[in-house]
Structures are given as structure tokens and as C-alpha cells.
>>> print(open('upload06.cif').read())   # mmCIF, C-alpha atoms and all ligand atoms
data_data
loop_
_atom_site.label_atom_id
_atom_site.label_comp_id
_atom_site.auth_asym_id
_atom_site.auth_seq_id
_atom_site.Cartn_x
_atom_site.Cartn_y
_atom_site.Cartn_z
CA MET N 1 147.41 176.25 42.61
CA ILE N 2 144.82 176.88 39.89
CA GLN N 3 143.84 180.53 39.74
CA PRO N 4 140.16 181.20 38.96
CA THR N 5 139.86 182.86 35.56
CA THR N 6 136.47 184.47 36.08
CA GLU N 7 134.92 186.25 39.01
CA ASN N 8 132.60 184.24 41.23
CA VAL N 9 129.27 186.09 40.96
CA TYR N 10 127.97 184.42 44.11
CA ILE N 11 130.52 186.07 46.40
CA PRO N 12 129.19 189.35 47.78
CA LYS N 13 131.53 192.28 48.25
CA LYS N 14 131.82 194.10 51.54
CA ALA N 15 130.25 197.52 51.90
CA VAL N 16 129.71 200.00 54.71
CA ILE N 17 126.80 202.30 55.51
CA ASP N 18 127.64 206.03 55.42
CA ARG N 19 124.36 207.64 56.44
CA ILE N 20 120.68 206.88 56.67
CA VAL N 21 117.76 209.10 55.69
CA ASP N 22 114.16 208.53 56.79
CA GLU N 23 111.93 208.78 53.72
CA ILE N 24 108.38 207.87 54.74
CA THR N 25 106.79 205.43 57.20
CA ASP N 26 108.87 202.23 57.22
CA VAL N 27 111.03 203.42 54.32
CA LYS N 28 114.63 204.58 54.68
CA THR N 29 117.43 205.39 52.26
CA PHE N 30 120.83 203.89 53.07
CA TYR N 31 123.86 205.62 51.56
CA TRP N 32 126.84 203.28 51.39
CA HIS N 33 130.11 202.51 49.66
CA PHE N 34 132.13 199.41 48.91
CA LYS N 35 135.18 198.91 51.11
CA ASP N 36 137.29 198.27 48.00
CA PRO N 37 137.29 201.29 45.63
CA LYS N 38 137.63 198.91 42.66
CA ASP N 39 134.32 197.27 43.62
CA GLN N 40 132.77 200.74 43.81
CA ALA N 41 134.03 201.63 40.32
CA ASP N 42 132.78 198.31 38.88
CA PHE N 43 129.36 198.71 40.47
CA LYS N 44 128.94 202.24 39.13
CA LYS N 45 128.54 200.81 35.61
CA PHE N 46 124.91 199.93 36.42
CA LYS N 47 121.95 201.15 34.34
CA PRO N 48 118.64 202.55 35.64
CA GLY N 49 116.25 199.69 36.43
CA MET N 50 118.92 197.18 37.47
CA PHE N 51 118.97 195.61 40.94
CA ALA N 52 121.41 194.25 43.52
CA GLN N 53 121.45 191.47 46.10
CA LEU N 54 122.23 192.57 49.67
CA THR N 55 123.75 190.23 52.22
CA LEU N 56 123.24 190.99 55.88
CA PHE N 57 125.68 188.82 57.79
CA GLY N 58 123.93 186.18 59.87
CA VAL N 59 120.52 187.20 58.52
CA GLY N 60 120.28 186.51 54.79
CA GLU N 61 120.33 187.87 51.27
CA PHE N 62 117.60 189.89 49.59
CA VAL N 63 116.98 191.92 46.49
CA LEU N 64 116.67 195.71 46.20
CA SER N 65 116.28 197.88 43.12
CA LEU N 66 118.69 200.74 42.53
CA PRO N 67 117.32 204.27 43.01
CA PRO N 68 120.55 206.17 42.20
CA SER N 69 121.44 207.17 38.67
CA PRO N 70 124.83 206.29 37.20
CA PHE N 71 125.24 210.08 36.83
CA GLU N 72 125.25 210.49 40.63
CA LYS N 73 128.32 210.09 42.83
CA GLU N 74 126.79 208.27 45.77
CA THR N 75 125.41 204.75 45.89
CA PHE N 76 122.33 204.07 47.96
CA PHE N 77 119.35 201.79 48.46
CA THR N 78 115.85 202.78 49.47
CA CYS N 79 114.19 199.99 51.41
CA ARG N 80 110.80 199.44 52.99
CA GLN N 81 110.84 197.16 56.02
CA VAL N 82 108.55 194.26 55.23
CA GLY N 83 110.47 191.06 56.01
CA VAL N 84 113.24 189.64 58.17
CA CYS N 85 116.12 191.02 56.07
CA SER N 86 114.67 194.46 55.42
CA ARG N 87 113.78 194.82 59.11
CA ALA N 88 117.36 193.90 60.01
CA LEU N 89 118.66 196.49 57.53
CA HIS N 90 116.45 199.14 59.15
CA LYS N 91 118.13 198.42 62.50
CA MET N 92 121.61 199.08 61.09
CA LYS N 93 123.60 202.24 61.77
CA PRO N 94 126.23 204.26 59.89
CA GLY N 95 129.52 202.35 60.02
CA ASP N 96 127.81 198.94 59.96
CA GLU N 97 128.95 196.50 57.30
CA PHE N 98 126.97 194.42 54.87
CA ALA N 99 127.73 193.01 51.42
CA VAL N 100 126.46 193.44 47.89
CA ARG N 101 126.28 191.33 44.73
CA GLY N 102 125.45 192.98 41.47
CA PRO N 103 124.35 195.02 39.68
CA PHE N 104 122.06 192.54 37.92
CA GLY N 105 119.29 192.58 35.32
CA ASN N 106 118.79 194.26 31.98
CA GLY N 107 117.90 197.79 33.12
CA PHE N 108 116.17 200.45 31.03
CA PRO N 109 117.94 200.91 27.66
CA MET N 110 118.08 204.70 28.00
CA GLU N 111 119.96 205.22 24.70
CA GLU N 112 117.00 203.67 22.86
CA TYR N 113 114.80 206.43 24.26
CA TYR N 114 116.96 209.28 22.93
CA GLY N 115 114.79 211.64 20.87
CA ARG N 116 111.58 210.37 22.46
CA ASN N 117 109.04 211.87 24.87
CA LEU N 118 109.33 210.30 28.31
CA VAL N 119 106.26 209.89 30.51
CA ILE N 120 107.14 208.64 34.00
CA VAL N 121 104.25 207.41 36.14
CA ALA N 122 104.95 206.20 39.68
CA GLY N 123 102.83 205.26 42.65
CA GLY N 124 104.16 204.94 46.22
CA ILE N 125 107.50 203.17 46.42
CA GLY N 126 107.25 202.51 42.67
CA LEU N 127 109.24 205.74 42.45
CA ILE N 128 112.37 203.90 43.71
CA PRO N 129 113.41 202.28 40.38
CA LEU N 130 112.07 205.21 38.35
CA ARG N 131 114.09 207.78 40.30
CA SER N 132 117.15 206.49 38.47
CA VAL N 133 115.43 207.01 35.10
CA ILE N 134 114.40 210.57 36.01
CA ILE N 135 117.86 211.61 37.24
CA SER N 136 119.48 210.05 34.17
CA ALA N 137 117.05 211.79 31.81
CA LEU N 138 117.61 215.14 33.54
CA ALA N 139 121.39 214.64 33.31
CA GLU N 140 121.10 214.33 29.53
CA ARG N 141 117.99 216.44 29.16
CA GLU N 142 118.89 217.63 25.64
CA LYS N 143 118.81 214.04 24.36
CA TYR N 144 115.10 213.56 25.03
CA LYS N 145 112.01 215.43 23.92
CA SER N 146 109.41 216.19 26.60
CA LEU N 147 109.82 214.81 30.11
CA GLN N 148 106.72 214.42 32.24
CA ILE N 149 106.65 213.01 35.76
CA PHE N 150 103.42 211.90 37.42
CA TYR N 151 103.75 210.70 41.00
CA GLY N 152 101.12 209.73 43.52
CA ALA N 153 101.18 208.63 47.15
CA LYS N 154 98.58 207.82 49.77
CA SER N 155 99.03 211.09 51.68
CA PRO N 156 101.33 214.15 51.67
CA THR N 157 103.59 212.54 54.29
CA GLU N 158 103.94 209.44 52.08
CA LEU N 159 105.52 211.37 49.19
CA MET N 160 109.08 210.08 48.83
CA TYR N 161 112.30 211.82 47.80
CA VAL N 162 110.82 215.20 48.75
CA LYS N 163 114.08 217.07 48.03
CA ASP N 164 114.24 215.52 44.55
CA LEU N 165 110.57 216.28 43.87
CA LYS N 166 111.16 219.96 44.60
CA GLU N 167 114.12 220.00 42.23
CA TRP N 168 112.23 218.15 39.50
CA GLU N 169 109.42 220.68 39.75
CA LYS N 170 112.00 223.42 39.04
CA ALA N 171 113.97 221.44 36.43
CA ALA N 172 113.35 221.08 32.72
CA ALA N 173 110.51 218.67 33.30
CA GLU N 174 106.80 218.76 33.97
CA CYS N 175 106.29 217.27 37.43
CA TYR N 176 102.79 216.56 38.73
CA LEU N 177 102.07 215.23 42.21
CA THR N 178 98.95 213.86 43.80
CA VAL N 179 97.81 212.14 46.98
CA ASP N 180 94.86 209.85 47.66
CA ARG N 181 94.00 211.75 50.85
CA GLY N 182 94.83 215.39 51.47
CA ALA N 183 95.82 216.85 54.84
CA GLU N 184 95.77 220.19 56.58
CA GLY N 185 98.02 222.64 54.75
CA TYR N 186 98.32 220.49 51.65
CA LYS N 187 97.40 222.50 48.57
CA GLY N 188 98.20 219.99 45.83
CA ASN N 189 96.06 217.63 43.80
CA VAL N 190 93.96 214.98 45.53
CA GLY N 191 93.07 211.88 43.52
CA ASN N 192 94.73 208.89 41.95
CA VAL N 193 97.73 209.20 39.62
CA GLY N 194 95.46 208.95 36.58
CA SER N 195 93.61 212.08 37.73
CA LEU N 196 96.80 214.03 36.94
CA PHE N 197 96.46 213.15 33.25
CA LYS N 198 93.23 215.14 33.16
CA LEU N 199 94.54 218.31 34.83
CA PRO N 200 94.15 221.48 32.74
CA GLY N 201 97.27 222.03 30.65
CA VAL N 202 98.44 218.42 30.83
CA LYS N 203 98.88 216.85 27.43
CA ILE N 204 100.50 213.46 27.18
CA PRO N 205 102.07 213.00 23.74
CA VAL N 206 101.18 209.70 22.11
CA GLU N 207 103.54 209.65 19.14
CA ASN N 208 107.21 208.92 19.75
CA THR N 209 106.60 208.37 23.47
CA THR N 210 107.81 205.83 26.01
CA ALA N 211 105.86 205.58 29.26
CA PHE N 212 107.47 204.14 32.39
CA VAL N 213 104.99 202.83 34.94
CA CYS N 214 105.86 201.47 38.40
CA GLY N 215 103.63 201.16 41.42
CA PRO N 216 101.12 198.93 43.15
CA PRO N 217 99.31 196.45 40.81
CA ILE N 218 95.97 198.26 41.12
CA MET N 219 97.56 201.56 40.10
CA PHE N 220 99.38 199.84 37.27
CA ARG N 221 96.13 198.44 35.86
CA PHE N 222 94.31 201.79 35.94
CA VAL N 223 97.26 203.75 34.55
CA LEU N 224 97.68 201.21 31.78
CA LYS N 225 94.04 201.59 30.86
CA ASP N 226 94.41 205.39 30.82
CA LEU N 227 97.59 205.37 28.74
CA MET N 228 96.31 202.83 26.23
CA GLY N 229 93.06 204.78 26.10
CA LEU N 230 95.10 207.78 25.00
CA GLY N 231 96.61 205.64 22.23
CA LEU N 232 99.92 204.42 23.67
CA GLN N 233 100.95 200.99 22.40
CA PRO N 234 101.92 198.18 24.85
CA LYS N 235 105.40 198.05 23.27
CA ASN N 236 105.93 201.67 24.34
CA ILE N 237 104.98 201.10 27.98
CA VAL N 238 107.77 199.76 30.21
CA SER N 239 107.87 198.61 33.80
CA THR N 240 109.90 196.50 36.19
CA MET N 241 108.67 193.15 37.44
CA GLU N 242 109.25 191.99 40.99
CA ARG N 243 109.91 188.34 41.68
CA TYR N 244 111.62 186.38 44.41
CA MET N 245 115.27 186.24 43.40
CA LYS N 246 117.89 183.85 44.62
CA CYS N 247 120.90 183.44 42.34
CA ALA N 248 120.16 186.62 40.29
CA VAL N 249 122.16 185.20 37.37
CA GLY N 250 119.69 182.92 35.57
CA LYS N 251 120.69 179.62 37.22
CA CYS N 252 118.26 178.70 40.01
CA GLY N 253 114.92 179.25 38.26
CA HIS N 254 113.29 181.00 41.24
CA CYS N 255 112.31 184.07 39.23
CA CYS N 256 111.05 182.19 36.18
CA ILE N 257 107.94 183.47 34.36
CA GLY N 258 107.05 181.39 31.33
CA SER N 259 110.16 181.37 29.19
CA ALA N 260 111.79 184.36 30.92
CA TYR N 261 114.02 184.73 33.94
CA VAL N 262 113.21 188.04 35.58
CA CYS N 263 116.78 188.32 36.92
CA VAL N 264 118.47 188.28 33.50
CA ASP N 265 115.72 188.91 30.91
CA GLY N 266 114.22 191.59 33.19
CA PRO N 267 113.38 193.11 35.56
CA VAL N 268 112.54 195.67 32.85
CA PHE N 269 109.88 194.47 30.42
CA THR N 270 107.69 196.24 27.91
CA TYR N 271 104.00 195.68 28.48
CA ASP N 272 103.67 193.68 25.26
CA GLN N 273 106.43 191.35 26.56
CA VAL N 274 104.46 190.96 29.79
CA LEU N 275 101.34 190.09 27.81
CA ARG N 276 103.27 187.48 25.77
CA LEU N 277 104.59 185.94 28.99
CA GLY N 278 101.00 185.66 30.14
CA GLU N 279 101.81 187.28 33.44
CA GLY N 280 100.32 190.18 35.40
CA ILE N 281 102.57 192.77 36.98
S1 LIG H 1 116.97 184.36 40.58
FE1 LIG H 1 117.88 182.46 39.97
S2 LIG H 1 117.24 182.28 37.91
FE2 LIG H 1 116.58 184.25 38.47
#
>>> encode(input="upload06.cif", output="C-alpha cells")
Amino acid sequence: MIQPTTENVYIPKKAVIDRIVDEITDVKTFYWHFKDPKDQADFKKFKPGMFAQLTLFGVGEFVLSLPPSPFEKETFFTCRQVGVCSRALHKMKPGDEFAVRGPFGNGFPMEEYYGRNLVIVAGGIGLIPLRSVIISALAEREKYKSLQIFYGAKSPTELMYVKDLKEWEKAAAECYLTVDRGAEGYKGNVGNVGSLFKLPGVKIPVENTTAFVCGPPIMFRFVLKDLMGLGLQPKNIVSTMERYMKCAVGKCGHCCIGSAYVCVDGPVFTYDQVLRLGEGI
């Protein structure tokens, strides 16, 4: 019998849910592990910004970005229920099994940012892929210059990863939060994410800076305008692009944008790459 010499990337590996945490409306975080410890060890080589394909048996396969950092022990997904697969995932319980392919994609090249100022700007669930960047940067804090986090949500109850946010506010980072609509008892900033850039004492460095921006398209456009207005170059602004993925390994063409496959050339792109592809985020 001929033994396969390379691993079949289309075969998902079995995993089991450990615990589930409610984040915000329709968004939950699922902590899980692979059934085979070797699969777990292989998967843990992922970089911030990469993604995985989840298989729910009898339902389908879908893509999720990776919120954990490689510096963390646990693996988890944060998922908003919007379609058939994500709704099925939200119905699952600890102990239930599913399967995972990945990690896939280029990810953020964190080593290239060593010695630079990091400006992280997230809106809503755009914090999911950027959480991995923040945790990784904090784990090697001495390797970067300043670290600023700007995060906005619709309302105080829509702020995600509340435990992390509290820690980031105390950690060696500047962490600024805002909401579109305040609520009783909320004492923080009210306004869009860009309003945080104008707060007294906030100074975004322009030289030697990489800005990470993830969030709804409207937020992205305004933040981009603000950052470029301050003098940041498109090549120093990075984001992740979302596209419908199928194979996730550059074969099926479903995620194609111009000459790029989002699944292998992305999902992380600099803004000047996005402009050359002629595509909006
Ligand atoms: S998902 Fe198949 S080529 Fe990208």
C-alpha cells in the first residue's frame, strides 16, 4: 500500500469544546483543544492574524480568525452568530466535538514590527483578530516602542474581552475605549474611535509606526482618513481582509481579489497593497 508522503490539508482534525464564555450580544468565545495532543502542538505554531476552518459535523465548514496569541496556553475562537454554521456553533455545549483545519494565511509579521510604535485601532468585533496582536506585543513588550490601543463599540455592553481590556489598561500600554452611545453609570468616552485620537494627552507617533486597523468598513474608512491625515503612510497601515473561503490553501479561487488569494497572500494586507489590488476593505 502506498503511504501518503504529505499531510492532506483538506482533512480536519477532531477537537472538543472545553468551555464557553458569553462576550456580547450574539458573540461567544469557545475554548477548545484538539483530541490529539500532536495536533494541538502543531496548531500552536500559528501567528497573530491567521485563521482556521471549522467543521461542524452534518452542518458545514466555515472560517474564523484566531483571537488567541501564540504566547497563550489555551486555544479558542470568538464567533458571532450570523449564519447557519455559526448559529449551530452557538448551540454547542462543553464536551461537544467539531473539527479544525489550519492555521492558514500569512498572519501579521510581528518580528518586522520590533523596534516600532504600534497603534492598534479596533471597532466592534474587529478586536477579535487584533487581540492576538495585542497579547503578543504585551508578551514581548520590550521589543516594541510605544503601544497604543484604541477600541470602540456601539455601547458599554458591546465592549468585548472586558477582562482583557481591564488588564491592558493596567499593562505597559495606553488603552483608550469609547462607545457610540453611553449608558447609565458609564463614565468613559462617548464618540467614534477617531474621537479618541483627539483626547487630551493622546499623541499618535507618525515616524517608525505601524497602525493595525480592524472593524466595520465605515469605521475603517474614517480611521484611515484620520491616520493618513496625521501623516501615516498606507504601507504602514495593516488590516485583515474578510472573504468567503473554501479550500483556504490557494486552490479553489473563492477568495480571489485581483491577483491575490486572501487565504494565502492574506488575510493580512498593508493598505497600499489593498489599494494596488483595487479593492475596498
Ligand atoms: S479559499 Fe480557495 S483559493 Fe482561497
>>> closest_atom_pairs(input="upload06.cif", of="chain N", to="ligand LIG 1 (chain H)", cutoff="10 Å", atoms="only C-alpha atoms and all ligand atoms", output="tab-separated table")
residue	atom	partner	partner_atom	distance
N:Val63	CA	H:LIG1	S1	9.6
N:Phe104	CA	H:LIG1	FE2	10.0
N:Gly105	CA	H:LIG1	FE2	9.3
N:Arg243	CA	H:LIG1	S1	8.2
N:Tyr244	CA	H:LIG1	S1	6.9
N:Met245	CA	H:LIG1	S1	3.8
N:Lys246	CA	H:LIG1	S1	4.2
N:Cys247	CA	H:LIG1	FE1	4.0
N:Ala248	CA	H:LIG1	S1	3.9
N:Val249	CA	H:LIG1	FE1	5.7
N:Gly250	CA	H:LIG1	S2	3.4
N:Lys251	CA	H:LIG1	S2	4.4
N:Cys252	CA	H:LIG1	FE1	3.8
N:Gly253	CA	H:LIG1	S2	3.8
N:His254	CA	H:LIG1	FE1	5.0
N:Cys255	CA	H:LIG1	FE2	4.3
N:Cys256	CA	H:LIG1	FE2	6.3
N:Ile257	CA	H:LIG1	FE2	9.6
N:Ala260	CA	H:LIG1	FE2	8.9
N:Tyr261	CA	H:LIG1	FE2	5.2
N:Val262	CA	H:LIG1	FE2	5.8
N:Cys263	CA	H:LIG1	FE2	4.4
N:Val264	CA	H:LIG1	FE2	6.7
N:Asp265	CA	H:LIG1	FE2	8.9
N:Gly266	CA	H:LIG1	FE2	9.3
N:Pro267	CA	H:LIG1	FE2	9.9
>>> atom_distance(input="upload06.cif", atom1="atom CA of N:Lys145", atom2="atom CA of N:Cys214")
21.0 Å
>>> closest_residue(input="upload06.cif", among="N:Thr29, N:Gln233, N:Ser132, N:Gln273", to="N:Phe108", atoms="all atoms listed in the file")
N:Ser132
>>> residues_around(input="upload06.cif", residues="N:Leu230", least_positions_apart="6", cutoff="9 Å", atoms="only C-alpha atoms", output="PDB file with C-alpha atoms, in the coordinates of the input")
ATOM      1  CA  ILE N 204     100.500 213.460  27.180  1.00  0.00           C
ATOM      2  CA  PRO N 205     102.070 213.000  23.740  1.00  0.00           C
ATOM      3  CA  VAL N 206     101.180 209.700  22.110  1.00  0.00           C
TER       4      VAL N 206
END
>>> closest_residue(input="upload06.cif", among="N:Ile135, N:Leu147, N:Val16, N:Ala52", to="N:Gly102", atoms="only C-alpha atoms")
N:Ala52
>>> atom_distance(input="upload06.cif", atom1="atom CA of N:Pro12", atom2="atom CA of N:Gln53")
8.2 Å
>>> residues_around(input="upload06.cif", residues="N:Ala88", least_positions_apart="2", cutoff="12 Å", atoms="only C-alpha atoms", output="list in words")
Leu54, Thr55, Leu56, Phe57, Gly58, Val59, Gly60, Glu61, Phe62, Cys79, Arg80, Gln81, Val82, Gly83, Val84, Cys85, Ser86, His90, Lys91, Met92, Lys93, Asp96 and Phe98 of chain N
>>> write_last_selection(input="upload06.cif", atoms="C-alpha atoms", output="mmCIF file, keeping the file's coordinate frame")
data_model
loop_
_atom_site.group_PDB
_atom_site.id
_atom_site.type_symbol
_atom_site.label_atom_id
_atom_site.label_comp_id
_atom_site.auth_asym_id
_atom_site.auth_seq_id
_atom_site.Cartn_x
_atom_site.Cartn_y
_atom_site.Cartn_z
ATOM 1 C CA LEU N 54 122.230 192.570 49.670
ATOM 2 C CA THR N 55 123.750 190.230 52.220
ATOM 3 C CA LEU N 56 123.240 190.990 55.880
ATOM 4 C CA PHE N 57 125.680 188.820 57.790
ATOM 5 C CA GLY N 58 123.930 186.180 59.870
ATOM 6 C CA VAL N 59 120.520 187.200 58.520
ATOM 7 C CA GLY N 60 120.280 186.510 54.790
ATOM 8 C CA GLU N 61 120.330 187.870 51.270
ATOM 9 C CA PHE N 62 117.600 189.890 49.590
ATOM 10 C CA CYS N 79 114.190 199.990 51.410
ATOM 11 C CA ARG N 80 110.800 199.440 52.990
ATOM 12 C CA GLN N 81 110.840 197.160 56.020
ATOM 13 C CA VAL N 82 108.550 194.260 55.230
ATOM 14 C CA GLY N 83 110.470 191.060 56.010
ATOM 15 C CA VAL N 84 113.240 189.640 58.170
ATOM 16 C CA CYS N 85 116.120 191.020 56.070
ATOM 17 C CA SER N 86 114.670 194.460 55.420
ATOM 18 C CA HIS N 90 116.450 199.140 59.150
ATOM 19 C CA LYS N 91 118.130 198.420 62.500
ATOM 20 C CA MET N 92 121.610 199.080 61.090
ATOM 21 C CA LYS N 93 123.600 202.240 61.770
ATOM 22 C CA ASP N 96 127.810 198.940 59.960
ATOM 23 C CA PHE N 98 126.970 194.420 54.870
#
>>> decode(input="upload06.cif", residues="stretch 99-125 of chain N", atoms="N, CA, C and O atoms", output="mmCIF file, in the first residue's frame")
data_model
loop_
_atom_site.group_PDB
_atom_site.id
_atom_site.type_symbol
_atom_site.label_atom_id
_atom_site.label_comp_id
_atom_site.auth_asym_id
_atom_site.auth_seq_id
_atom_site.Cartn_x
_atom_site.Cartn_y
_atom_site.Cartn_z
ATOM 1 N N ALA N 99 -14.375 19.937 14.305
ATOM 2 C CA ALA N 99 -13.054 19.674 13.722
ATOM 3 C C ALA N 99 -12.482 20.956 13.144
ATOM 4 O O ALA N 99 -13.224 21.900 12.844
ATOM 5 N N VAL N 100 -11.175 20.972 13.028
ATOM 6 C CA VAL N 100 -10.479 22.207 12.636
ATOM 7 C C VAL N 100 -9.445 21.894 11.557
ATOM 8 O O VAL N 100 -8.728 20.889 11.639
ATOM 9 N N ARG N 101 -9.376 22.766 10.547
ATOM 10 C CA ARG N 101 -8.240 22.765 9.606
ATOM 11 C C ARG N 101 -7.494 24.078 9.807
ATOM 12 O O ARG N 101 -8.092 25.120 10.022
ATOM 13 N N GLY N 102 -6.213 24.022 9.707
ATOM 14 C CA GLY N 102 -5.439 25.247 9.830
ATOM 15 C C GLY N 102 -4.290 25.090 10.791
ATOM 16 O O GLY N 102 -3.989 23.966 11.206
ATOM 17 N N PRO N 103 -3.644 26.170 11.182
ATOM 18 C CA PRO N 103 -3.962 27.562 10.835
ATOM 19 C C PRO N 103 -3.531 27.898 9.402
ATOM 20 O O PRO N 103 -2.621 27.282 8.866
ATOM 21 N N PHE N 104 -4.233 28.889 8.824
ATOM 22 C CA PHE N 104 -3.977 29.307 7.451
ATOM 23 C C PHE N 104 -3.708 30.811 7.382
ATOM 24 O O PHE N 104 -4.057 31.574 8.291
ATOM 25 N N GLY N 105 -3.160 31.226 6.235
ATOM 26 C CA GLY N 105 -2.956 32.655 5.975
ATOM 27 C C GLY N 105 -1.561 33.114 6.364
ATOM 28 O O GLY N 105 -0.766 32.348 6.935
ATOM 29 N N ASN N 106 -1.284 34.363 6.020
ATOM 30 C CA ASN N 106 0.068 34.893 6.266
ATOM 31 C C ASN N 106 0.262 35.369 7.705
ATOM 32 O O ASN N 106 1.331 35.200 8.280
ATOM 33 N N GLY N 107 -0.741 35.955 8.318
ATOM 34 C CA GLY N 107 -0.592 36.490 9.669
ATOM 35 C C GLY N 107 0.215 37.775 9.678
ATOM 36 O O GLY N 107 0.799 38.186 8.666
ATOM 37 N N PHE N 108 0.209 38.437 10.827
ATOM 38 C CA PHE N 108 0.993 39.672 10.993
ATOM 39 C C PHE N 108 2.459 39.295 11.242
ATOM 40 O O PHE N 108 2.736 38.508 12.157
ATOM 41 N N PRO N 109 3.386 39.852 10.475
ATOM 42 C CA PRO N 109 4.809 39.530 10.689
ATOM 43 C C PRO N 109 5.351 40.306 11.887
ATOM 44 O O PRO N 109 6.042 41.324 11.737
ATOM 45 N N MET N 110 5.057 39.851 13.097
ATOM 46 C CA MET N 110 5.359 40.619 14.301
ATOM 47 C C MET N 110 6.844 40.980 14.422
ATOM 48 O O MET N 110 7.181 42.059 14.900
ATOM 49 N N GLU N 111 7.724 40.090 13.962
ATOM 50 C CA GLU N 111 9.176 40.380 14.096
ATOM 51 C C GLU N 111 9.539 41.632 13.289
ATOM 52 O O GLU N 111 10.456 42.365 13.657
ATOM 53 N N GLU N 112 8.820 41.863 12.193
ATOM 54 C CA GLU N 112 9.123 43.056 11.375
ATOM 55 C C GLU N 112 8.745 44.350 12.094
ATOM 56 O O GLU N 112 9.161 45.434 11.694
ATOM 57 N N TYR N 113 7.924 44.216 13.135
ATOM 58 C CA TYR N 113 7.489 45.422 13.864
ATOM 59 C C TYR N 113 8.357 45.695 15.100
ATOM 60 O O TYR N 113 8.117 46.665 15.808
ATOM 61 N N TYR N 114 9.321 44.813 15.361
ATOM 62 C CA TYR N 114 10.202 45.041 16.516
ATOM 63 C C TYR N 114 10.856 46.422 16.381
ATOM 64 O O TYR N 114 11.304 46.810 15.299
ATOM 65 N N GLY N 115 10.880 47.163 17.477
ATOM 66 C CA GLY N 115 11.505 48.491 17.470
ATOM 67 C C GLY N 115 10.581 49.587 16.966
ATOM 68 O O GLY N 115 10.979 50.753 16.893
ATOM 69 N N ARG N 116 9.340 49.234 16.637
ATOM 70 C CA ARG N 116 8.416 50.241 16.105
ATOM 71 C C ARG N 116 7.325 50.581 17.133
ATOM 72 O O ARG N 116 7.070 49.836 18.078
ATOM 73 N N ASN N 117 6.682 51.713 16.920
ATOM 74 C CA ASN N 117 5.490 52.082 17.699
ATOM 75 C C ASN N 117 4.303 51.325 17.109
ATOM 76 O O ASN N 117 4.155 51.291 15.884
ATOM 77 N N LEU N 118 3.485 50.745 17.970
ATOM 78 C CA LEU N 118 2.302 50.031 17.491
ATOM 79 C C LEU N 118 1.045 50.804 17.886
ATOM 80 O O LEU N 118 0.869 51.158 19.053
ATOM 81 N N VAL N 119 0.212 51.069 16.903
ATOM 82 C CA VAL N 119 -1.071 51.734 17.147
ATOM 83 C C VAL N 119 -2.156 50.746 16.722
ATOM 84 O O VAL N 119 -2.238 50.378 15.548
ATOM 85 N N ILE N 120 -2.950 50.283 17.684
ATOM 86 C CA ILE N 120 -3.969 49.269 17.390
ATOM 87 C C ILE N 120 -5.329 49.951 17.444
ATOM 88 O O ILE N 120 -5.686 50.539 18.472
ATOM 89 N N VAL N 121 -6.069 49.891 16.355
ATOM 90 C CA VAL N 121 -7.377 50.548 16.312
ATOM 91 C C VAL N 121 -8.421 49.505 15.929
ATOM 92 O O VAL N 121 -8.367 48.918 14.840
ATOM 93 N N ALA N 122 -9.381 49.266 16.824
ATOM 94 C CA ALA N 122 -10.390 48.235 16.562
ATOM 95 C C ALA N 122 -11.783 48.774 16.826
ATOM 96 O O ALA N 122 -11.998 49.570 17.736
ATOM 97 N N GLY N 123 -12.719 48.304 16.013
ATOM 98 C CA GLY N 123 -14.123 48.656 16.217
ATOM 99 C C GLY N 123 -14.939 47.381 16.292
ATOM 100 O O GLY N 123 -14.765 46.477 15.456
ATOM 101 N N GLY N 124 -15.799 47.262 17.306
ATOM 102 C CA GLY N 124 -16.684 46.100 17.432
ATOM 103 C C GLY N 124 -15.917 44.792 17.453
ATOM 104 O O GLY N 124 -14.902 44.661 18.138
ATOM 105 N N ILE N 125 -16.388 43.829 16.635
ATOM 106 C CA ILE N 125 -15.725 42.519 16.655
ATOM 107 C C ILE N 125 -14.415 42.535 15.854
ATOM 108 O O ILE N 125 -13.747 41.510 15.740
#
